[in-house]
Structures are given as C-alpha cells and as structure tokens.
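The structure under discussion appears below in the form of structure tokens.
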Amino acid sequence: MKVYLVRHGEPSYTPCTQRHLKGQGRDLAALNDDGINQILTTTMPLLIGNDAQIILTSPYTRALQSASIIAAKTGLITKSVHDLHEWIPDLTFNYTSYKELKAIYQHFYEHKGIKDEIALRDEYAVWEDIETFRDRVNSALLPYYGLYSSVIVVAHGMVIQSLCGRHIGYGEVFQMEFHPDMKFPEWQFTAPKIETHDLKISYHESLLKNKADILDEQTK
C-alpha cells in the first residue's frame, strides 16, 4: 500500500496553556495561521496528482484540521483512526509544564524508549515505550492494507519517524510503501527538539496582556 505521510501544520498551544489544560488536554491545540498556510502552500503542491483513495488521520485537533484542509482540496473522504495519535509522553496524563515534558522526553531518549529495570526506577518513566508505540502505529494501518492501494496519512512527527525513520517538518510529505511484514527502520535516538509554542506563557500574564491590548485600543 502506497502511503503519503503528511505531518500536520504548526499548532498554537497558547489557548491550552491559558486554560491550564494538562496531558492530552493539550492536544486540543489547533493550527495557528502559519500552520494553515503550511498545509496550503507546502503540503498541497506535494500532493498534486497523487493517486490516494482516502485520508487517514490522527484524532488530535492539529491533525484533523490539517486533514480537513487536504480533504477540501482533494475531495477525498477523511477517516479518523484513533491509534494514529502521537507518542504519549505521559501515560498518567498529568504533565502540565514545559519543564516536565522536557524531562520526560530526555528520559525516553536516554533509555532509548525501553522501560528496563533501571529506567523504571525514575519518576519520569511514565512514557509510552517504543515497542508499544510502534505496534500501535502498525496496527492502526493494517486494516487498510488490501482495502486501498494508496492512502494519505496525516499524523505527527514521532508517528512518521516510526514508519520511515526520518524527521519531517510541519506540512511536509514523505512517500513510502506499507505492508504487513515491513521492517521498521532503526530509530534515531538523538536529542529531540521540544517545540514550546508559548508553553511558558502563564494564564495571568496572558490576561494582563489582553487587558493592556484592550486599554490600548480604547485610547486610540
């Protein structure tokens, strides 16, 4: 099965931070203006003339929104596939800060995604292990093998890396062949780039900024 892997556009986590959302609550983040433009100007030209029959997408907002733009341009049906969601950094779904998230990522990479006895001694061993993650992604695509000869998959950085072995940017496309007996590429355990997207802006700071903007408008 031919697969066009598409990474979603850039999201904005500011509304999630302002509302003190934690864990997967942060995955309600939608695309910012740059993210929408990335799908329109980067993704769509790379999909011109493709032979995809359906769009399969992660259920997270940033992926669903990206898929909806592609669907509007291609006329393809979109199907949300639960297990195409991103790697889970915290299986307790309790992380609230950039500092916590960064520590969890670093712990995952230090232990190469394996929860051995040493890794489990640490409080940061709350992440989804690499074998479980890859099995989940593989199982998400298997039902469509044989049903379709070509699909677009809109997903996330680590989901895409698990399938093709490389990191791609927002809105970029990578074409690959998927089959049940495929061998996963070796995972590149290099220090990850944590995209903060204003994670450090507090709710109080945001309110002050909004109030200042309103006062500024009133004095014009």
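Identifiers in the structure tokens: chain A, B, ... in order shown; residue index from 1 per chain; ligand index from 1 in order shown.
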
Who sits within 7 Å of range 70-80 of chain A, only C-alpha atoms, same chain under 6 positions skipped, as a VMD selection string | chain A and resid 53 to 59

Selection: 9 Å around range 156-163 of chain A, only C-alpha atoms, excl. self and same-chain fewer than 2 positions, as a compact mmCIF listing (two decimals) with all heavy atoms, in the first residue's frame:
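Listed below is the output, around_5.txt:
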# COMPACT_ATOMS: atom_id res chain seq x y z
N LEU A 5 2.78 10.09 3.80
CA LEU A 5 2.81 10.55 5.18
C LEU A 5 2.86 12.08 5.19
O LEU A 5 3.76 12.68 4.60
CB LEU A 5 4.04 10.00 5.90
CG LEU A 5 4.09 8.47 6.08
CD1 LEU A 5 5.47 8.06 6.58
CD2 LEU A 5 3.01 8.01 7.05
N VAL A 6 1.91 12.69 5.88
CA VAL A 6 1.85 14.15 5.98
C VAL A 6 1.92 14.55 7.44
O VAL A 6 1.12 14.08 8.26
CB VAL A 6 0.55 14.71 5.37
CG1 VAL A 6 0.50 16.23 5.53
CG2 VAL A 6 0.41 14.31 3.91
N ARG A 7 2.87 15.40 7.77
CA ARG A 7 2.89 15.92 9.14
C ARG A 7 1.97 17.13 9.20
O ARG A 7 1.96 17.98 8.31
CB ARG A 7 4.30 16.32 9.57
CG ARG A 7 4.36 16.67 11.06
CD ARG A 7 5.74 17.06 11.51
NE ARG A 7 5.73 17.42 12.92
CZ ARG A 7 6.71 18.05 13.54
NH1 ARG A 7 7.80 18.38 12.88
NH2 ARG A 7 6.60 18.36 14.82
N HIS A 8 1.18 17.20 10.25
CA HIS A 8 0.25 18.31 10.44
C HIS A 8 0.98 19.66 10.42
O HIS A 8 2.20 19.73 10.58
CB HIS A 8 -0.48 18.16 11.77
CG HIS A 8 0.45 18.13 12.96
ND1 HIS A 8 1.03 19.27 13.48
CD2 HIS A 8 0.90 17.10 13.71
CE1 HIS A 8 1.80 18.94 14.50
NE2 HIS A 8 1.75 17.63 14.66
N SER A 58 -4.84 11.12 12.39
CA SER A 58 -4.84 11.08 13.85
C SER A 58 -6.07 11.83 14.35
O SER A 58 -6.53 12.77 13.70
CB SER A 58 -3.57 11.76 14.36
OG SER A 58 -3.73 12.25 15.68
N ALA A 63 -4.03 17.49 13.69
CA ALA A 63 -4.03 16.59 12.54
C ALA A 63 -5.37 16.61 11.81
O ALA A 63 -5.43 16.66 10.58
CB ALA A 63 -3.70 15.16 12.98
N LEU A 84 -3.53 6.39 15.45
CA LEU A 84 -2.53 7.19 14.74
C LEU A 84 -2.13 8.42 15.56
O LEU A 84 -1.36 9.26 15.09
CB LEU A 84 -3.05 7.63 13.37
CG LEU A 84 -3.09 6.56 12.28
CD1 LEU A 84 -3.71 7.13 11.01
CD2 LEU A 84 -1.68 6.02 11.99
N HIS A 85 -2.65 8.52 16.78
CA HIS A 85 -2.28 9.67 17.61
C HIS A 85 -0.80 9.63 17.95
O HIS A 85 -0.14 8.59 17.84
CB HIS A 85 -3.15 9.74 18.87
CG HIS A 85 -2.96 8.61 19.84
ND1 HIS A 85 -1.85 8.51 20.66
CD2 HIS A 85 -3.74 7.54 20.13
CE1 HIS A 85 -1.97 7.43 21.43
NE2 HIS A 85 -3.10 6.82 21.11
N GLU A 86 -0.29 10.75 18.39
CA GLU A 86 1.14 10.88 18.67
C GLU A 86 1.58 10.00 19.83
O GLU A 86 0.76 9.57 20.66
CB GLU A 86 1.46 12.36 18.95
CG GLU A 86 2.93 12.68 19.23
CD GLU A 86 3.88 12.34 18.08
OE1 GLU A 86 3.94 11.16 17.69
OE2 GLU A 86 4.59 13.26 17.61
N TRP A 87 2.89 9.74 19.87
CA TRP A 87 3.51 9.06 21.01
C TRP A 87 3.07 9.75 22.30
O TRP A 87 2.98 10.98 22.35
CB TRP A 87 5.02 9.12 20.85
CG TRP A 87 5.82 8.71 22.05
CD1 TRP A 87 6.04 7.44 22.49
CD2 TRP A 87 6.51 9.57 22.96
NE1 TRP A 87 6.83 7.45 23.61
CE2 TRP A 87 7.13 8.76 23.93
CE3 TRP A 87 6.67 10.95 23.05
CZ2 TRP A 87 7.90 9.27 24.97
CZ3 TRP A 87 7.42 11.48 24.08
CH2 TRP A 87 8.03 10.64 25.03
N ILE A 130 8.85 2.29 23.27
CA ILE A 130 8.99 2.30 21.82
C ILE A 130 8.32 1.11 21.14
O ILE A 130 7.71 1.24 20.07
CB ILE A 130 10.49 2.39 21.42
CG1 ILE A 130 10.65 2.74 19.94
CG2 ILE A 130 11.23 1.12 21.77
CD1 ILE A 130 10.25 4.14 19.60
N PHE A 133 4.53 1.63 21.21
CA PHE A 133 4.22 2.72 20.29
C PHE A 133 4.23 2.24 18.84
O PHE A 133 3.28 2.47 18.08
CB PHE A 133 5.25 3.84 20.50
CG PHE A 133 5.16 4.97 19.51
CD1 PHE A 133 3.96 5.62 19.25
CD2 PHE A 133 6.30 5.41 18.85
CE1 PHE A 133 3.89 6.67 18.35
CE2 PHE A 133 6.24 6.46 17.95
CZ PHE A 133 5.04 7.09 17.69
N ARG A 134 5.27 1.55 18.45
CA ARG A 134 5.38 1.09 17.07
C ARG A 134 4.33 0.03 16.74
O ARG A 134 3.78 0.02 15.63
CB ARG A 134 6.79 0.56 16.80
CG ARG A 134 7.81 1.68 16.69
CD ARG A 134 9.16 1.20 16.26
NE ARG A 134 9.73 2.12 15.29
CZ ARG A 134 10.96 2.01 14.80
NH1 ARG A 134 11.73 1.01 15.18
NH2 ARG A 134 11.41 2.87 13.92
N VAL A 137 1.06 1.94 16.07
CA VAL A 137 1.01 2.61 14.76
C VAL A 137 0.83 1.59 13.64
O VAL A 137 0.03 1.78 12.72
CB VAL A 137 2.29 3.44 14.54
CG1 VAL A 137 2.33 4.01 13.13
CG2 VAL A 137 2.37 4.58 15.57
N ASN A 138 1.57 0.49 13.73
CA ASN A 138 1.46 -0.56 12.72
C ASN A 138 0.05 -1.14 12.68
O ASN A 138 -0.54 -1.32 11.60
CB ASN A 138 2.48 -1.66 13.02
CG ASN A 138 2.53 -2.73 11.94
OD1 ASN A 138 2.82 -2.45 10.79
ND2 ASN A 138 2.25 -3.97 12.32
N VAL A 154 -2.32 11.56 7.72
CA VAL A 154 -1.97 12.82 8.38
C VAL A 154 -1.71 12.51 9.85
O VAL A 154 -2.62 12.08 10.57
CB VAL A 154 -3.09 13.86 8.24
CG1 VAL A 154 -2.66 15.19 8.87
CG2 VAL A 154 -3.44 14.07 6.77
N GLY A 165 11.60 6.39 9.57
CA GLY A 165 12.94 6.55 10.11
C GLY A 165 13.55 7.93 9.97
O GLY A 165 14.74 8.11 10.20
N ARG A 166 12.73 8.91 9.63
CA ARG A 166 13.27 10.26 9.48
C ARG A 166 12.30 11.29 10.03
O ARG A 166 11.10 11.06 10.11
CB ARG A 166 13.58 10.56 8.02
CG ARG A 166 12.38 10.47 7.10
CD ARG A 166 12.75 10.74 5.65
NE ARG A 166 13.12 12.13 5.44
CZ ARG A 166 13.49 12.62 4.26
NH1 ARG A 166 13.58 11.82 3.22
NH2 ARG A 166 13.78 13.90 4.13
N HIS A 167 12.86 12.43 10.41
CA HIS A 167 12.05 13.53 10.91
C HIS A 167 11.67 14.43 9.74
O HIS A 167 12.50 14.73 8.89
CB HIS A 167 12.86 14.35 11.92
CG HIS A 167 12.17 15.60 12.37
ND1 HIS A 167 11.23 15.61 13.37
CD2 HIS A 167 12.28 16.88 11.92
CE1 HIS A 167 10.79 16.85 13.54
NE2 HIS A 167 11.41 17.64 12.68
N ILE A 168 10.40 14.82 9.67
CA ILE A 168 9.99 15.77 8.64
C ILE A 168 9.31 16.96 9.31
O ILE A 168 8.76 16.85 10.41
CB ILE A 168 9.07 15.15 7.58
CG1 ILE A 168 7.70 14.77 8.15
CG2 ILE A 168 9.73 13.93 6.95
CD1 ILE A 168 6.71 14.30 7.09
N GLY A 169 9.37 18.10 8.66
CA GLY A 169 8.83 19.33 9.22
C GLY A 169 7.33 19.46 9.05
O GLY A 169 6.68 18.65 8.38
N TYR A 170 6.78 20.51 9.64
CA TYR A 170 5.35 20.77 9.53
C TYR A 170 4.92 20.86 8.07
O TYR A 170 5.52 21.58 7.27
CB TYR A 170 4.99 22.08 10.23
CG TYR A 170 5.11 22.04 11.73
CD1 TYR A 170 5.84 23.03 12.41
CD2 TYR A 170 4.50 21.05 12.49
CE1 TYR A 170 5.93 23.03 13.79
CE2 TYR A 170 4.60 21.04 13.87
CZ TYR A 170 5.32 22.03 14.51
OH TYR A 170 5.41 22.01 15.88
N PHE A 174 6.10 12.64 2.99
CA PHE A 174 7.07 11.58 2.70
C PHE A 174 6.30 10.38 2.16
O PHE A 174 5.33 9.92 2.78
CB PHE A 174 7.84 11.17 3.95
CG PHE A 174 8.92 10.15 3.69
CD1 PHE A 174 10.18 10.54 3.28
CD2 PHE A 174 8.66 8.79 3.84
CE1 PHE A 174 11.18 9.60 3.02
CE2 PHE A 174 9.64 7.84 3.59
CZ PHE A 174 10.90 8.25 3.18
N MET A 176 5.98 6.40 1.10
CA MET A 176 6.56 5.11 1.44
C MET A 176 5.61 3.99 1.05
O MET A 176 4.45 4.23 0.70
CB MET A 176 6.84 5.03 2.95
CG MET A 176 5.59 5.10 3.81
SD MET A 176 5.86 4.67 5.55
CE MET A 176 6.08 2.89 5.43
N PHE A 178 3.81 0.59 2.52
CA PHE A 178 3.49 -0.11 3.76
C PHE A 178 2.98 -1.51 3.44
O PHE A 178 2.16 -1.69 2.54
CB PHE A 178 2.40 0.65 4.53
CG PHE A 178 1.92 -0.07 5.77
CD1 PHE A 178 2.59 0.09 6.97
CD2 PHE A 178 0.82 -0.91 5.71
CE1 PHE A 178 2.15 -0.59 8.11
CE2 PHE A 178 0.38 -1.59 6.84
CZ PHE A 178 1.05 -1.43 8.04
N PHE A 184 10.56 -2.16 10.54
CA PHE A 184 10.68 -0.77 10.95
C PHE A 184 12.12 -0.29 10.82
O PHE A 184 13.06 -1.03 11.16
CB PHE A 184 10.24 -0.59 12.41
CG PHE A 184 8.76 -0.61 12.61
CD1 PHE A 184 8.16 -1.63 13.33
CD2 PHE A 184 7.96 0.38 12.08
CE1 PHE A 184 6.79 -1.66 13.53
CE2 PHE A 184 6.58 0.37 12.27
CZ PHE A 184 6.00 -0.65 12.99
N PRO A 185 12.32 0.94 10.34
CA PRO A 185 13.68 1.48 10.27
C PRO A 185 14.22 1.71 11.68
O PRO A 185 13.46 1.85 12.64
CB PRO A 185 13.49 2.81 9.53
CG PRO A 185 12.06 3.18 9.78
CD PRO A 185 11.31 1.89 9.84
N GLU A 186 15.53 1.75 11.78
CA GLU A 186 16.15 1.97 13.09
C GLU A 186 15.78 3.36 13.60
O GLU A 186 15.82 4.34 12.87
CB GLU A 186 17.67 1.85 12.97
CG GLU A 186 18.40 1.97 14.29
CD GLU A 186 19.89 1.76 14.15
OE1 GLU A 186 20.33 1.35 13.06
OE2 GLU A 186 20.62 2.03 15.13
N TRP A 187 15.42 3.42 14.87
CA TRP A 187 15.04 4.70 15.48
C TRP A 187 16.28 5.52 15.77
O TRP A 187 17.25 5.01 16.33
CB TRP A 187 14.27 4.46 16.78
CG TRP A 187 13.62 5.70 17.31
CD1 TRP A 187 14.20 6.69 18.05
CD2 TRP A 187 12.27 6.11 17.11
NE1 TRP A 187 13.30 7.67 18.33
CE2 TRP A 187 12.10 7.34 17.76
CE3 TRP A 187 11.18 5.54 16.44
CZ2 TRP A 187 10.88 8.02 17.78
CZ3 TRP A 187 9.97 6.22 16.46
CH2 TRP A 187 9.83 7.44 17.12
N GLN A 188 16.25 6.77 15.38
CA GLN A 188 17.38 7.66 15.62
C GLN A 188 17.21 8.35 16.97
O GLN A 188 16.44 9.30 17.10
CB GLN A 188 17.48 8.70 14.50
CG GLN A 188 17.67 8.10 13.12
CD GLN A 188 18.94 7.28 13.01
OE1 GLN A 188 20.02 7.72 13.42
NE2 GLN A 188 18.82 6.09 12.45

Name all residues at most 10 Å from Leu40 in chain A (count only C-alpha atoms; drop same-chain ones fewer than 2 positions away) and give them as a VMD selection string.
-> chain A and resid 9 34 to 38 42 to 45 66 69 to 70 73 171

Between A:Asp116, A:Asp129, A:Glu172, A:Asp27, which is the closest to Leu46 in chain A once you count only C-alpha atoms?
-> A:Glu172

Residue among A:Tyr13, A:Phe93, A:Tyr144, A:Tyr109 lying closest to Val81 in chain A, counting only C-alpha atoms =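 Of A:Tyr13, A:Phe93, A:Tyr144, A:Tyr109, the one nearest Val81 in chain A is A:Tyr144, counting only C-alpha atoms.
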
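Nearest to Tyr124 in chain A of all the residues A:Ser68, A:Gln106, A:Thr41, A:Ser97 is A:Gln106, counting only C-alpha atoms.
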
Take CA of Leu141 in chain A and CA of Ala30 in chain A and report the distance between them in Å, one decimal.
->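 Atom-to-atom, CA of Leu141 in chain A to CA of Ala30 in chain A, that is 24.3 Å.
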
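The interatomic distance for the pair CA of Val173 in chain A and CA of Arg62 in chain A works out to 15.8 Å.
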
Running DSSP on the backbone, which parts of range 33-196 of chain A land in alpha helix (DSSP H), as a ChimeraX atom specification?
-> /A:33-38,44-47,61-74,98-110,130-141,157-164

Excluding Tyr4 in chain A and residues on its chain fewer than 6 positions from it, collect all residues at most 6 Å away from it, counting only C-alpha atoms, and give them as a PyMOL selection string.
-> chain A and resi 152-153+174-175

Counting only C-alpha atoms, what is within 12 Å of Phe108 in chain A, bar same-chain residues fewer than 2 positions away, as a count of residues only?
-> 32
